[in-house]
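Raw contents of input31.cif, mmCIF, C-alpha atoms:
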data_entry
loop_
_atom_site.label_atom_id
_atom_site.label_comp_id
_atom_site.auth_asym_id
_atom_site.auth_seq_id
_atom_site.Cartn_x
_atom_site.Cartn_y
_atom_site.Cartn_z
CA MET A 1 -10.76 28.14 -0.27
CA VAL A 2 -10.39 24.55 0.89
CA ASP A 3 -13.52 23.00 2.44
CA VAL A 4 -12.00 21.09 5.36
CA GLY A 5 -15.27 19.37 6.25
CA LEU A 6 -15.61 18.03 2.73
CA LEU A 7 -12.07 16.64 2.80
CA VAL A 8 -12.58 15.06 6.22
CA ARG A 9 -15.73 13.33 4.97
CA ASP A 10 -13.95 12.04 1.87
CA GLY A 11 -10.99 10.94 3.96
CA LEU A 12 -13.25 8.92 6.26
CA LEU A 13 -14.90 7.28 3.25
CA ALA A 14 -11.49 6.31 1.90
CA ALA A 15 -10.30 5.07 5.30
CA GLY A 16 -13.48 3.04 5.73
CA PHE A 17 -12.52 0.92 2.75
CA GLY A 18 -9.25 -0.02 4.42
CA VAL A 19 -10.93 -0.82 7.72
CA GLN A 20 -13.52 -3.19 6.26
CA HIS A 21 -10.97 -4.72 3.90
CA SER A 22 -8.49 -5.48 6.70
CA LEU A 23 -11.13 -6.79 9.09
CA LEU A 24 -12.49 -9.25 6.54
CA ALA A 25 -8.96 -10.42 5.67
CA THR A 26 -7.74 -11.13 9.21
CA LEU A 27 -6.81 -14.68 10.16
CA THR A 28 -9.18 -14.44 13.14
CA VAL A 29 -12.18 -13.73 10.91
CA LYS A 30 -11.17 -16.46 8.48
CA ALA A 31 -10.78 -18.96 11.31
CA ARG A 32 -14.25 -18.14 12.63
CA ILE A 33 -15.79 -18.34 9.15
CA LYS A 34 -14.17 -21.75 8.76
CA ARG A 35 -15.52 -22.87 12.15
CA TRP A 36 -19.03 -21.46 11.71
CA TRP A 37 -19.73 -22.18 8.04
CA ASN A 38 -16.85 -24.46 6.94
CA VAL A 39 -15.73 -21.92 4.33
CA GLU A 40 -12.03 -22.10 3.48
CA SER A 41 -9.94 -18.92 3.43
CA ILE A 42 -9.47 -19.12 -0.34
CA ALA A 43 -13.25 -19.24 -0.80
CA TRP A 44 -13.68 -16.33 1.62
CA ARG A 45 -11.69 -14.17 -0.79
CA SER A 46 -14.70 -13.96 -3.08
CA VAL A 47 -16.82 -12.56 -0.24
CA GLU A 48 -14.09 -10.05 0.60
CA SER A 49 -13.88 -8.88 -3.00
CA LEU A 50 -17.66 -8.57 -3.41
CA CYS A 51 -17.78 -6.50 -0.22
CA ASN A 52 -15.06 -4.28 -1.69
CA VAL A 53 -17.16 -3.71 -4.83
CA VAL A 54 -20.24 -2.78 -2.83
CA TYR A 55 -18.22 -0.45 -0.61
CA VAL A 56 -16.54 1.33 -3.52
CA LEU A 57 -19.86 1.90 -5.29
CA GLY A 58 -21.43 3.21 -2.08
CA ALA A 59 -18.49 5.42 -1.18
CA GLY A 60 -18.35 6.74 -4.74
CA SER A 61 -21.99 7.80 -4.57
CA LEU A 62 -21.30 9.71 -1.34
CA TRP A 63 -18.00 11.23 -2.50
CA LEU A 64 -17.85 15.02 -2.66
CA ARG A 65 -15.66 16.61 -5.33
CA SER A 66 -13.48 19.55 -4.32
CA GLY A 67 -13.00 22.59 -6.52
CA SER A 68 -9.63 23.30 -4.91
CA VAL A 69 -6.75 22.49 -7.27
CA VAL A 70 -3.52 21.35 -5.63
CA TRP A 71 -1.51 21.23 -8.85
CA ASP A 72 -2.27 21.48 -12.53
CA LEU A 73 0.69 20.27 -14.58
CA ARG A 74 0.86 21.13 -18.25
CA GLY A 75 3.37 20.80 -21.05
CA ALA A 76 6.21 18.30 -20.67
CA ALA A 77 5.68 17.86 -16.92
CA GLY A 78 2.00 17.11 -17.41
CA PHE A 79 2.75 14.64 -20.19
CA VAL A 80 5.33 12.76 -18.07
CA VAL A 81 3.02 12.53 -15.05
CA ALA A 82 0.11 11.41 -17.26
CA ALA A 83 2.35 8.74 -18.81
CA ILE A 84 3.25 7.45 -15.33
CA PHE A 85 -0.45 7.40 -14.45
CA VAL A 86 -1.39 5.37 -17.54
CA ALA A 87 1.59 3.04 -17.14
CA SER A 88 0.70 2.38 -13.50
CA TRP A 89 -2.87 1.43 -14.34
CA LEU A 90 -1.77 -0.78 -17.24
CA TRP A 91 0.75 -2.43 -14.93
CA TYR A 92 -2.07 -3.05 -12.45
CA TRP A 93 -3.97 -5.04 -15.06
CA GLU A 94 -0.85 -6.76 -16.36
CA LEU A 95 -0.16 -7.97 -12.83
CA HIS A 96 -3.63 -9.44 -12.46
CA LEU A 97 -3.72 -10.97 -15.93
CA TYR A 98 -0.18 -12.29 -16.20
CA GLU A 99 1.56 -12.36 -12.81
CA TYR A 100 -1.47 -13.73 -10.93
CA ASP A 101 -4.15 -16.28 -11.74
CA CYS A 102 -7.26 -14.09 -11.38
CA GLY A 103 -9.65 -16.97 -10.89
CA LEU A 104 -7.66 -18.24 -7.92
CA ALA A 105 -6.65 -14.84 -6.55
CA PHE A 106 -10.22 -13.46 -6.41
CA GLY A 107 -12.01 -16.70 -5.63
CA SER A 108 -14.10 -17.36 -8.74
CA THR A 109 -12.31 -20.66 -9.38
CA THR A 110 -13.13 -21.72 -5.84
CA LEU A 111 -16.85 -21.07 -6.34
CA VAL A 112 -16.88 -22.78 -9.75
CA SER A 113 -15.08 -25.79 -8.26
CA GLN A 114 -17.68 -26.06 -5.52
CA LEU A 115 -20.53 -25.81 -8.03
CA ALA A 116 -18.94 -28.59 -10.08
CA GLY A 117 -18.17 -30.80 -7.10
CA GLN A 118 -14.46 -30.52 -7.81
CA LYS A 119 -11.57 -30.05 -5.42
CA THR A 120 -10.45 -26.43 -5.28
CA PRO A 121 -7.02 -26.02 -6.90
CA ALA A 122 -4.24 -24.88 -4.59
CA LEU A 123 -3.14 -21.26 -4.70
CA ILE A 124 0.47 -21.52 -5.82
CA PRO A 125 3.10 -18.75 -5.78
CA TRP A 126 5.54 -18.17 -8.61
CA LYS A 127 8.34 -15.73 -9.35
CA VAL A 128 7.12 -14.51 -12.73
CA GLY A 129 7.60 -10.87 -13.74
CA SER A 130 7.96 -8.29 -11.00
CA ARG A 131 7.11 -10.86 -8.33
CA ARG A 132 10.67 -12.05 -8.66
CA TRP A 133 11.69 -8.85 -6.84
CA ILE A 134 8.57 -7.50 -5.12
CA ARG A 135 6.19 -9.40 -2.85
CA PHE A 136 3.30 -6.95 -3.37
CA PRO A 137 3.75 -5.39 -6.82
CA VAL A 138 0.05 -4.45 -7.07
CA HIS A 139 0.58 -2.26 -4.04
CA THR A 140 3.58 -0.69 -5.73
CA ALA A 141 1.42 0.27 -8.70
CA PHE A 142 -1.03 2.06 -6.39
CA PHE A 143 1.38 4.96 -5.87
CA GLY A 144 1.40 5.91 -9.54
CA MET A 145 -2.30 5.08 -9.92
CA PHE A 146 -3.39 7.55 -7.25
CA PHE A 147 -0.63 10.19 -7.18
CA ALA A 148 0.46 10.63 -10.82
CA ILE A 149 -2.50 12.82 -11.75
CA PRO A 150 -1.67 15.97 -13.79
CA HIS A 151 -4.78 17.84 -12.56
CA MET A 152 -4.87 17.06 -8.85
CA THR A 153 -7.78 18.33 -6.79
CA ALA A 154 -7.85 18.35 -3.00
CA ASP A 155 -10.27 15.43 -2.72
CA LEU A 156 -8.18 13.26 -5.05
CA LEU A 157 -5.05 14.08 -3.06
CA VAL A 158 -6.83 13.03 0.14
CA LEU A 159 -7.83 9.80 -1.60
CA GLY A 160 -4.25 9.18 -2.73
CA ILE A 161 -2.78 9.84 0.71
CA VAL A 162 -5.29 7.75 2.65
CA ALA A 163 -5.24 4.92 0.10
CA ASN A 164 -1.46 4.64 0.11
CA VAL A 165 -1.09 4.98 3.87
CA TYR A 166 -3.45 2.03 4.15
CA ASN A 167 -1.67 0.40 1.20
CA THR A 168 1.63 0.47 3.09
CA ILE A 169 0.16 -0.62 6.43
CA GLY A 170 -1.89 -3.33 4.72
CA SER A 171 1.20 -4.67 2.96
CA VAL A 172 3.02 -5.02 6.29
CA LEU A 173 0.03 -6.76 7.88
CA TYR A 174 -0.36 -9.08 4.90
CA ASP A 175 3.34 -9.91 5.09
CA LYS A 176 2.94 -10.84 8.76
CA ARG A 177 0.00 -13.12 7.96
CA LEU A 178 2.00 -14.91 5.28
CA GLU A 179 4.91 -15.33 7.68
CA LYS A 180 2.59 -17.19 10.07
CA LEU A 181 0.97 -19.23 7.32
CA ALA A 182 4.05 -20.26 5.33
CA GLY A 183 6.87 -20.12 7.85
CA ALA A 184 10.47 -20.72 6.82
CA SER A 185 9.78 -21.02 3.09
CA TYR A 186 8.25 -17.54 3.00
CA ALA A 187 11.17 -16.21 5.05
CA LYS A 188 13.51 -17.30 2.24
CA TYR A 189 11.36 -15.42 -0.26
CA GLU A 190 11.42 -12.35 2.01
CA GLU A 191 15.21 -12.40 2.13
CA VAL A 192 15.54 -11.83 -1.61
CA THR A 193 12.51 -9.61 -2.32
CA GLY A 194 11.19 -6.25 -1.22
CA LEU A 195 7.81 -5.54 0.35
CA ILE A 196 6.77 -2.85 -2.15
CA TRP A 197 10.08 -1.72 -3.67
CA PRO A 198 12.69 -4.05 -5.22
CA PRO A 199 15.77 -4.92 -3.10
CA ILE A 200 18.23 -3.44 -5.59
CA TYR A 201 21.20 -3.19 -3.22
CA ARG A 202 20.35 -6.24 -1.11
CA ALA A 203 19.47 -8.86 -3.74
CA LEU A 204 19.82 -7.69 -7.31
CA ALA A 205 18.72 -11.04 -8.77
CA GLY A 206 15.67 -11.24 -6.53
CA ALA A 207 14.15 -14.72 -6.18
CA ALA A 208 15.92 -16.10 -9.26
CA GLY A 209 17.72 -18.72 -7.17
CA LEU A 210 14.61 -20.03 -5.38
CA ARG A 211 12.84 -23.14 -6.65
CA MET A 212 9.20 -22.22 -7.28
CA PRO A 213 6.55 -23.64 -9.62
CA LYS A 214 5.89 -22.15 -13.04
CA PRO A 215 2.50 -20.50 -13.68
CA SER A 216 -0.06 -22.59 -15.54
CA HIS A 217 -1.90 -19.79 -17.33
CA TRP A 218 -0.78 -18.19 -20.63
CA ARG A 219 0.79 -21.43 -21.78
CA HIS A 220 -1.29 -21.09 -24.95
CA PRO A 221 -1.83 -17.33 -25.49
CA GLU A 222 -3.80 -17.93 -28.70
CA ARG A 223 -6.59 -19.47 -26.64
CA HIS A 224 -7.29 -16.10 -25.07
CA LEU A 225 -7.78 -14.17 -28.32
CA PRO A 226 -11.60 -14.29 -27.97
CA GLY A 227 -11.13 -12.32 -24.77
CA LEU A 228 -9.70 -9.42 -26.77
CA VAL A 229 -12.67 -9.20 -29.13
CA VAL A 230 -15.28 -9.52 -26.39
CA GLY A 231 -13.40 -6.99 -24.26
CA LEU A 232 -13.57 -4.32 -26.97
CA LEU A 233 -17.31 -4.94 -27.39
CA LEU A 234 -17.72 -4.65 -23.63
CA GLY A 235 -15.95 -1.28 -23.65
CA GLY A 236 -18.41 0.00 -26.26
CA PHE A 237 -21.29 -1.23 -24.10
CA TYR A 238 -19.97 0.74 -21.10
CA LEU A 239 -19.62 3.86 -23.24
CA LEU A 240 -23.27 3.66 -24.28
CA VAL A 241 -24.77 2.70 -20.93
CA ILE A 242 -22.84 4.58 -18.25
CA GLY A 243 -22.59 7.94 -19.98
CA ASN A 244 -21.14 10.71 -17.82
CA ALA A 245 -18.87 8.87 -15.39
CA SER A 246 -19.28 11.13 -12.36
CA THR A 247 -19.56 9.90 -8.77
CA SER A 248 -23.27 10.60 -8.42
CA PRO A 249 -25.53 7.90 -6.93
CA SER A 250 -27.26 7.43 -10.29
CA THR A 251 -23.94 6.89 -12.05
CA MET A 252 -22.78 4.41 -9.43
CA LEU A 253 -26.07 2.54 -9.84
CA LYS A 254 -25.66 2.47 -13.63
CA ALA A 255 -22.09 1.25 -13.25
CA GLY A 256 -23.20 -1.55 -10.94
CA ILE A 257 -25.97 -2.61 -13.32
CA ALA A 258 -23.63 -2.38 -16.33
CA GLY A 259 -21.13 -4.60 -14.54
CA LEU A 260 -23.76 -7.22 -13.74
CA ILE A 261 -25.11 -7.25 -17.30
CA GLY A 262 -21.59 -7.31 -18.71
CA ALA A 263 -20.63 -10.22 -16.47
CA VAL A 264 -23.59 -12.34 -17.55
CA VAL A 265 -23.21 -11.57 -21.26
CA VAL A 266 -19.42 -11.98 -21.32
CA GLY A 267 -19.69 -15.19 -19.33
CA PHE A 268 -22.39 -16.60 -21.62
CA ILE A 269 -20.39 -15.80 -24.76
CA HIS A 270 -17.18 -17.37 -23.49
CA GLY A 271 -18.93 -20.30 -21.86
CA ARG A 272 -20.78 -21.25 -25.04
CA LEU A 273 -18.15 -20.41 -27.67
CA LEU A 274 -14.95 -21.63 -26.01
CA ARG A 275 -14.30 -25.34 -26.07
CA PRO A 276 -12.67 -27.08 -23.09
CA ASP A 277 -9.85 -29.42 -24.01
CA PRO A 278 -10.78 -32.87 -22.66
CA SER A 279 -7.12 -33.90 -22.61
CA VAL A 280 -6.24 -31.50 -19.77
CA ALA A 281 -7.28 -31.51 -16.14
CA TRP A 282 -10.11 -29.53 -14.59
CA GLU A 283 -7.66 -27.11 -12.94
CA GLN A 284 -6.07 -26.13 -16.24
CA GLN A 285 -9.45 -25.73 -17.93
CA GLN A 286 -10.61 -23.29 -15.29
CA THR A 287 -7.31 -21.41 -15.36
CA ASP A 288 -7.68 -20.93 -19.12
CA LEU A 289 -11.35 -19.95 -18.82
CA SER A 290 -10.86 -17.47 -15.98
CA THR A 291 -7.87 -15.88 -17.74
CA THR A 292 -9.87 -15.34 -20.94
CA VAL A 293 -12.76 -13.79 -19.00
CA ALA A 294 -10.35 -11.62 -16.99
CA LEU A 295 -8.80 -10.38 -20.25
CA SER A 296 -12.25 -9.34 -21.49
CA SER A 297 -12.99 -7.64 -18.19
CA ALA A 298 -9.74 -5.66 -18.13
CA LEU A 299 -9.86 -4.69 -21.80
CA GLY A 300 -13.49 -3.62 -21.42
CA VAL A 301 -12.53 -1.12 -18.73
CA ILE A 302 -9.35 0.01 -20.48
CA SER A 303 -11.01 0.58 -23.88
CA TRP A 304 -13.96 2.36 -22.25
CA ALA A 305 -11.72 4.61 -20.15
CA ALA A 306 -9.58 5.45 -23.20
CA ALA A 307 -12.60 6.26 -25.38
CA TYR A 308 -14.25 8.24 -22.58
CA SER A 309 -11.07 10.29 -22.06
CA LEU A 310 -10.80 11.13 -25.75
CA ILE A 311 -14.46 12.19 -25.93
CA HIS A 312 -14.76 14.09 -22.65
CA GLY A 313 -11.18 15.20 -22.04
CA SER A 314 -11.06 13.62 -18.57
CA ILE A 315 -10.73 10.14 -17.12
CA PRO A 316 -13.71 8.33 -15.56
CA SER A 317 -13.92 8.16 -11.78
CA PHE A 318 -11.93 5.40 -10.08
CA ALA A 319 -15.09 4.43 -8.23
CA THR A 320 -16.76 3.75 -11.56
CA PHE A 321 -14.35 1.46 -13.32
CA LEU A 322 -12.73 -0.48 -10.49
CA PRO A 323 -15.99 -2.29 -9.57
CA LEU A 324 -16.59 -3.03 -13.26
CA TRP A 325 -13.25 -4.78 -13.48
CA PHE A 326 -13.86 -7.14 -10.58
CA THR A 327 -17.57 -7.76 -11.22
CA VAL A 328 -17.05 -8.98 -14.79
CA GLN A 329 -13.91 -10.95 -13.93
CA TYR A 330 -15.52 -12.78 -11.02
CA LEU A 331 -19.15 -13.19 -12.04
CA GLY A 332 -18.14 -13.56 -15.70
CA HIS A 333 -16.09 -16.63 -14.87
CA VAL A 334 -18.94 -18.12 -12.84
CA SER A 335 -21.44 -17.29 -15.61
CA ALA A 336 -19.17 -18.86 -18.23
CA TYR A 337 -19.19 -22.13 -16.32
CA LEU A 338 -22.94 -22.07 -15.70
CA ALA A 339 -23.68 -21.23 -19.35
CA ALA A 340 -22.18 -24.53 -20.47
CA ARG A 341 -21.68 -26.61 -17.37
CA ASP A 342 -22.48 -29.73 -19.39
CA ARG A 343 -19.15 -29.25 -21.16
CA TRP A 344 -17.03 -27.39 -18.59
CA GLY A 345 -18.10 -29.67 -15.76
CA ARG A 346 -17.60 -32.91 -17.62
CA LEU A 347 -14.23 -33.83 -16.19
CA ARG A 348 -13.92 -35.36 -12.75
CA PRO A 349 -10.80 -35.53 -10.58
CA GLY A 350 -8.33 -37.96 -12.11
CA ASP A 351 -9.98 -38.02 -15.56
CA ALA A 352 -7.12 -36.16 -17.22
CA SER A 353 -3.94 -37.97 -18.11
CA SER A 354 -1.76 -35.60 -16.10
CA PRO A 355 -2.32 -32.61 -13.86
CA ALA A 356 -1.89 -29.36 -15.77
CA VAL A 357 -1.37 -27.18 -12.70
CA PRO A 358 2.11 -27.57 -11.22
CA VAL A 359 2.24 -28.86 -7.69
CA ALA A 360 4.18 -26.79 -5.21
CA GLU A 361 7.00 -28.39 -3.30
CA PRO A 362 6.44 -28.90 0.42
CA LYS A 363 6.85 -25.81 2.55
CA GLN A 364 6.25 -23.43 -0.35
CA PRO A 365 4.13 -20.40 0.66
CA THR A 366 0.87 -21.68 -0.79
CA ALA A 367 -1.82 -20.32 1.51
CA ASP A 368 -3.16 -16.83 0.86
CA THR A 369 -0.66 -16.15 -1.88
CA ILE A 370 0.04 -12.49 -2.49
CA SER A 371 -2.64 -10.69 -4.45
CA SER A 372 -4.51 -7.44 -4.40
#

Write-out of the structure in structure tokens:
Amino acid sequence: MVDVGLLVRDGLLAAGFGVQHSLLATLTVKARIKRWWNVESIAWRSVESLCNVVYVLGAGSLWLRSGSVVWDLRGAAGFVVAAIFVASWLWYWELHLYEYDCGLAFGSTTLVSQLAGQKTPALIPWKVGSRRWIRFPVHTAFFGMFFAIPHMTADLLVLGIVANVYNTIGSVLYDKRLEKLAGASYAKYEEVTGLIWPPIYRALAGAAGLRMPKPSHWRHPERHLPGLVVGLLLGGFYLLVIGNASTSPSTMLKAGIAGLIGAVVVGFIHGRLLRPDPSVAWEQQQTDLSTTVALSSALGVISWAAAYSLIHGSIPSFATFLPLWFTVQYLGHVSAYLAARDRWGRLRPGDASSPAVPVAEPKQPTADTISS
């Protein structure tokens, strides 16, 4: 028998995330933060994301699991749905690692720039990968991430429904904010892209014809190889420390502590071992550093979740590994800079021979570029 009260409680917890997320992201709040504390909107993103981590950990500790099974797919059907689930989560990380610049999208580069007395690099849009067709591809991935579950319980279905209702509404609201911020240039991008789904019948080529800057990260993939090694070690650390990945308060606390420790250690390793190239500008150095740290963060969660699933026969809770991903990516980047600021902070504006980050043309939608 379905416990309606339990599902209502879980639904409110899930909806609460959307409410606090949207409130913190509104232009009104950002304008007031700018007026009160002189914090730019790009820097405010880091506060938003940290609030998201705290909320997810708190909501996870209060979450009540339902014993009611909505569907339990086995055989070929179960395999196909599970494959969609895994592909959606891998796409989520591919988007953040390749189609976005994590350091800029989540705000760690902004904080590092302020610590170093450097000008914060501009947040620049590009049409790489699925962003050529979809304005919010991360939000597209959410549908498979939260619905393609072979063994679906009532509480997980409530989570999936509430999360994706907010996901759709939030995408529309975000689109409206970008229309106000970027004006006509964003309107041109809207004409040839879809909000969440690609405009197959309207613009098959997507944004191919628009002039947009090229991304500055992944220009030298070999530089990020240390991120792979450290990421696998981080996954082993999670496996030892977190243990049973339930949604109990003790597990959420262990996950939070593991993320903080992982961020400091990963940041220290990358900060001390990696060598900044003095021939490139500060912006490019931080793009390379944040991308390497983000790779370690993502691979740490992926390898831990894979190992955990093989050992226990079930995936860890979303509320466990999502905060780990952001905490290590954000604080790991900051820690990497602080661990060797004598080297990473050596350059000053104009020291490099040429800027490594492409400059957007006028009227390009630069402010609050699409991200999760």

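Closest approach to Thr153 of chain A from the set A:Asn244, A:Ser66, A:Thr120, A:Ser314 is made by A:Ser66, with distances taken over all atoms listed in the file.
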
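In terms of minimum interatomic distance to Ala163 of chain A, A:Leu12 ranks closest within A:Ile200, A:Ala25, A:Val53, A:Leu12, counting all atoms listed in the file.
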
Counting only C-alpha atoms, closest pick from A:Asp277, A:Asp72, A:Asp288, A:Asp10 relative to Pro150 of chain A is A:Asp72

Mind working out the centre and edge lengths of an axis-aligned box for segment 207-222 of chain A, all listed atoms inside, 6 Å added to each side, rounded to one decimal in Å and written as lines of an AutoDock Vina configuration file?
center_x = 7.0
center_y = -19.2
center_z = -17.0
size_x = 33.5
size_y = 20.9
size_z = 35.3

Protein/DNA/RNA residues near (-0.3, -4.7, -1.8), cut 12 Å, all atoms listed in the file, as a PyMOL selection string | chain A and resi 18+22+92+95+131+134-143+163-175+194-197+369-372

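Evaluated on this file, the PyMOL selection byres ((chain A and resi 108) around 9) matches Ala43, Arg45, Ser46, Cys102, Gly103, Leu104, Ala105, Phe106, Gly107, Thr109, Thr110, Leu111, Val112, Ser113, Ser290, Gln329, Tyr330, Leu331, Gly332, His333 and Val334 of chain A.
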
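Considering the residues A:Phe318, A:Trp91, A:Phe326, A:Tyr100 and counting all atoms listed in the file, Met252 of chain A has its shortest atom-to-atom contact with A:Phe318.
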
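Shortest atom-to-atom contact with Ile311 of chain A among A:Pro276, A:Pro213, A:Gly243, A:Gly256: A:Gly243, counting all atoms listed in the file.
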
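With only C-alpha atoms as the atoms that count, the residue of A:Val158, A:Pro125, A:Gly5, A:Lys180 with the shortest distance to Leu27 of chain A is A:Lys180.
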
What gap, in Å, lies between atom CA of Ala15 of chain A and atom CA of Gly144 of chain A?
-> 18.9 Å

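For the atom pair formed by atom CA of Ala339 of chain A and atom CA of Val265 of chain A, the distance is 9.9 Å, given to one decimal.
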
Reference answer for the PyMOL selection byres ((chain A and resi 204-206) around 12), as a PDB file with C-alpha atoms, in the coordinates of the input:
ATOM      1  CA  LYS A 127       8.340 -15.730  -9.350  1.00  0.00           C
ATOM      2  CA  VAL A 128       7.120 -14.510 -12.730  1.00  0.00           C
ATOM      3  CA  GLY A 129       7.600 -10.870 -13.740  1.00  0.00           C
ATOM      4  CA  SER A 130       7.960  -8.290 -11.000  1.00  0.00           C
ATOM      5  CA  ARG A 131       7.110 -10.860  -8.330  1.00  0.00           C
ATOM      6  CA  ARG A 132      10.670 -12.050  -8.660  1.00  0.00           C
ATOM      7  CA  TRP A 133      11.690  -8.850  -6.840  1.00  0.00           C
ATOM      8  CA  ILE A 134       8.570  -7.500  -5.120  1.00  0.00           C
ATOM      9  CA  ARG A 135       6.190  -9.400  -2.850  1.00  0.00           C
ATOM     10  CA  LYS A 188      13.510 -17.300   2.240  1.00  0.00           C
ATOM     11  CA  TYR A 189      11.360 -15.420  -0.260  1.00  0.00           C
ATOM     12  CA  GLU A 190      11.420 -12.350   2.010  1.00  0.00           C
ATOM     13  CA  GLU A 191      15.210 -12.400   2.130  1.00  0.00           C
ATOM     14  CA  VAL A 192      15.540 -11.830  -1.610  1.00  0.00           C
ATOM     15  CA  THR A 193      12.510  -9.610  -2.320  1.00  0.00           C
ATOM     16  CA  GLY A 194      11.190  -6.250  -1.220  1.00  0.00           C
ATOM     17  CA  LEU A 195       7.810  -5.540   0.350  1.00  0.00           C
ATOM     18  CA  TRP A 197      10.080  -1.720  -3.670  1.00  0.00           C
ATOM     19  CA  PRO A 198      12.690  -4.050  -5.220  1.00  0.00           C
ATOM     20  CA  PRO A 199      15.770  -4.920  -3.100  1.00  0.00           C
ATOM     21  CA  ILE A 200      18.230  -3.440  -5.590  1.00  0.00           C
ATOM     22  CA  TYR A 201      21.200  -3.190  -3.220  1.00  0.00           C
ATOM     23  CA  ARG A 202      20.350  -6.240  -1.110  1.00  0.00           C
ATOM     24  CA  ALA A 203      19.470  -8.860  -3.740  1.00  0.00           C
ATOM     25  CA  ALA A 207      14.150 -14.720  -6.180  1.00  0.00           C
ATOM     26  CA  ALA A 208      15.920 -16.100  -9.260  1.00  0.00           C
ATOM     27  CA  GLY A 209      17.720 -18.720  -7.170  1.00  0.00           C
ATOM     28  CA  LEU A 210      14.610 -20.030  -5.380  1.00  0.00           C
TER      29      LEU A 210
END

Carefully work through the PyMOL selection byres ((chain A and resi 59) around 12) for this structure and note down the residues it includes, as an MDAnalysis selection string.
-> chainID A and resid 9:17 51:58 60:64 159 247:249 252:253 317:320 323

Output of the above residues as an mmCIF file, in the coordinates of the input, restricted to C-alpha atoms:
data_model
loop_
_atom_site.group_PDB
_atom_site.id
_atom_site.type_symbol
_atom_site.label_atom_id
_atom_site.label_comp_id
_atom_site.auth_asym_id
_atom_site.auth_seq_id
_atom_site.Cartn_x
_atom_site.Cartn_y
_atom_site.Cartn_z
ATOM 1 C CA ARG A 9 -15.730 13.330 4.970
ATOM 2 C CA ASP A 10 -13.950 12.040 1.870
ATOM 3 C CA GLY A 11 -10.990 10.940 3.960
ATOM 4 C CA LEU A 12 -13.250 8.920 6.260
ATOM 5 C CA LEU A 13 -14.900 7.280 3.250
ATOM 6 C CA ALA A 14 -11.490 6.310 1.900
ATOM 7 C CA ALA A 15 -10.300 5.070 5.300
ATOM 8 C CA GLY A 16 -13.480 3.040 5.730
ATOM 9 C CA PHE A 17 -12.520 0.920 2.750
ATOM 10 C CA CYS A 51 -17.780 -6.500 -0.220
ATOM 11 C CA ASN A 52 -15.060 -4.280 -1.690
ATOM 12 C CA VAL A 53 -17.160 -3.710 -4.830
ATOM 13 C CA VAL A 54 -20.240 -2.780 -2.830
ATOM 14 C CA TYR A 55 -18.220 -0.450 -0.610
ATOM 15 C CA VAL A 56 -16.540 1.330 -3.520
ATOM 16 C CA LEU A 57 -19.860 1.900 -5.290
ATOM 17 C CA GLY A 58 -21.430 3.210 -2.080
ATOM 18 C CA GLY A 60 -18.350 6.740 -4.740
ATOM 19 C CA SER A 61 -21.990 7.800 -4.570
ATOM 20 C CA LEU A 62 -21.300 9.710 -1.340
ATOM 21 C CA TRP A 63 -18.000 11.230 -2.500
ATOM 22 C CA LEU A 64 -17.850 15.020 -2.660
ATOM 23 C CA LEU A 159 -7.830 9.800 -1.600
ATOM 24 C CA THR A 247 -19.560 9.900 -8.770
ATOM 25 C CA SER A 248 -23.270 10.600 -8.420
ATOM 26 C CA PRO A 249 -25.530 7.900 -6.930
ATOM 27 C CA MET A 252 -22.780 4.410 -9.430
ATOM 28 C CA LEU A 253 -26.070 2.540 -9.840
ATOM 29 C CA SER A 317 -13.920 8.160 -11.780
ATOM 30 C CA PHE A 318 -11.930 5.400 -10.080
ATOM 31 C CA ALA A 319 -15.090 4.430 -8.230
ATOM 32 C CA THR A 320 -16.760 3.750 -11.560
ATOM 33 C CA PRO A 323 -15.990 -2.290 -9.570
#

Taken to one decimal, the atom CA of Thr251 of chain A-atom CA of Thr291 of chain A distance is 28.4 Å

Which neighbours of Tyr337 of chain A fall inside 8 Å, counting only C-alpha atoms, when residues of the same chain fewer than 5 positions from it are skipped, and could you give them as a PyMOL selection string?
-> chain A and resi 112+267+271+344-345

Go ahead and save the picked residues with C-alpha atoms, as a PDB file, keeping the file's coordinate frame.
ATOM      1  CA  VAL A 112     -16.880 -22.780  -9.750  1.00  0.00           C
ATOM      2  CA  GLY A 267     -19.690 -15.190 -19.330  1.00  0.00           C
ATOM      3  CA  GLY A 271     -18.930 -20.300 -21.860  1.00  0.00           C
ATOM      4  CA  TRP A 344     -17.030 -27.390 -18.590  1.00  0.00           C
ATOM      5  CA  GLY A 345     -18.100 -29.670 -15.760  1.00  0.00           C
TER       6      GLY A 345
END

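Close contacts of Pro226 of chain A, defined as residues with an atom at most 12 Å away when counting only C-alpha atoms, with chain neighbours fewer than 5 positions off set aside, comprise Pro221, Gly231, Leu232, Leu233, Val266, Gly267, Ile269, His270, Gly271, Arg272, Leu273, Leu274, Arg275, Asp288, Leu289, Thr291, Thr292, Val293, Ala294, Leu295, Ser296, Ser297 and Leu299 of chain A.
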
Can you list, as a list in words, every protein, DNA or RNA residue that comes within 10 Å of Ala298 of chain A when you count all atoms listed in the file, leaving out same-chain residues fewer than 6 positions away?
-> Leu90, Tyr92, Trp93, Glu94, His96, Leu97, Gly227, Leu228, Gly231, Leu232, Leu234, Gly235, Trp304, Phe321, Leu322, Leu324, Trp325, Phe326, Val328 and Gln329 of chain A

Output file request: segment 154-162 of chain A, with C-alpha atoms, as an mmCIF file, in the first residue's frame.
data_model
loop_
_atom_site.group_PDB
_atom_site.id
_atom_site.type_symbol
_atom_site.label_atom_id
_atom_site.label_comp_id
_atom_site.auth_asym_id
_atom_site.auth_seq_id
_atom_site.Cartn_x
_atom_site.Cartn_y
_atom_site.Cartn_z
ATOM 1 C CA ALA A 154 7.192 5.371 -5.574
ATOM 2 C CA ASP A 155 9.528 7.855 -3.889
ATOM 3 C CA LEU A 156 11.948 7.831 -6.831
ATOM 4 C CA LEU A 157 9.063 8.394 -9.239
ATOM 5 C CA VAL A 158 7.926 11.385 -7.177
ATOM 6 C CA LEU A 159 11.499 12.696 -7.307
ATOM 7 C CA GLY A 160 11.639 12.234 -11.076
ATOM 8 C CA ILE A 161 8.292 13.949 -11.663
ATOM 9 C CA VAL A 162 8.935 16.916 -9.381
#
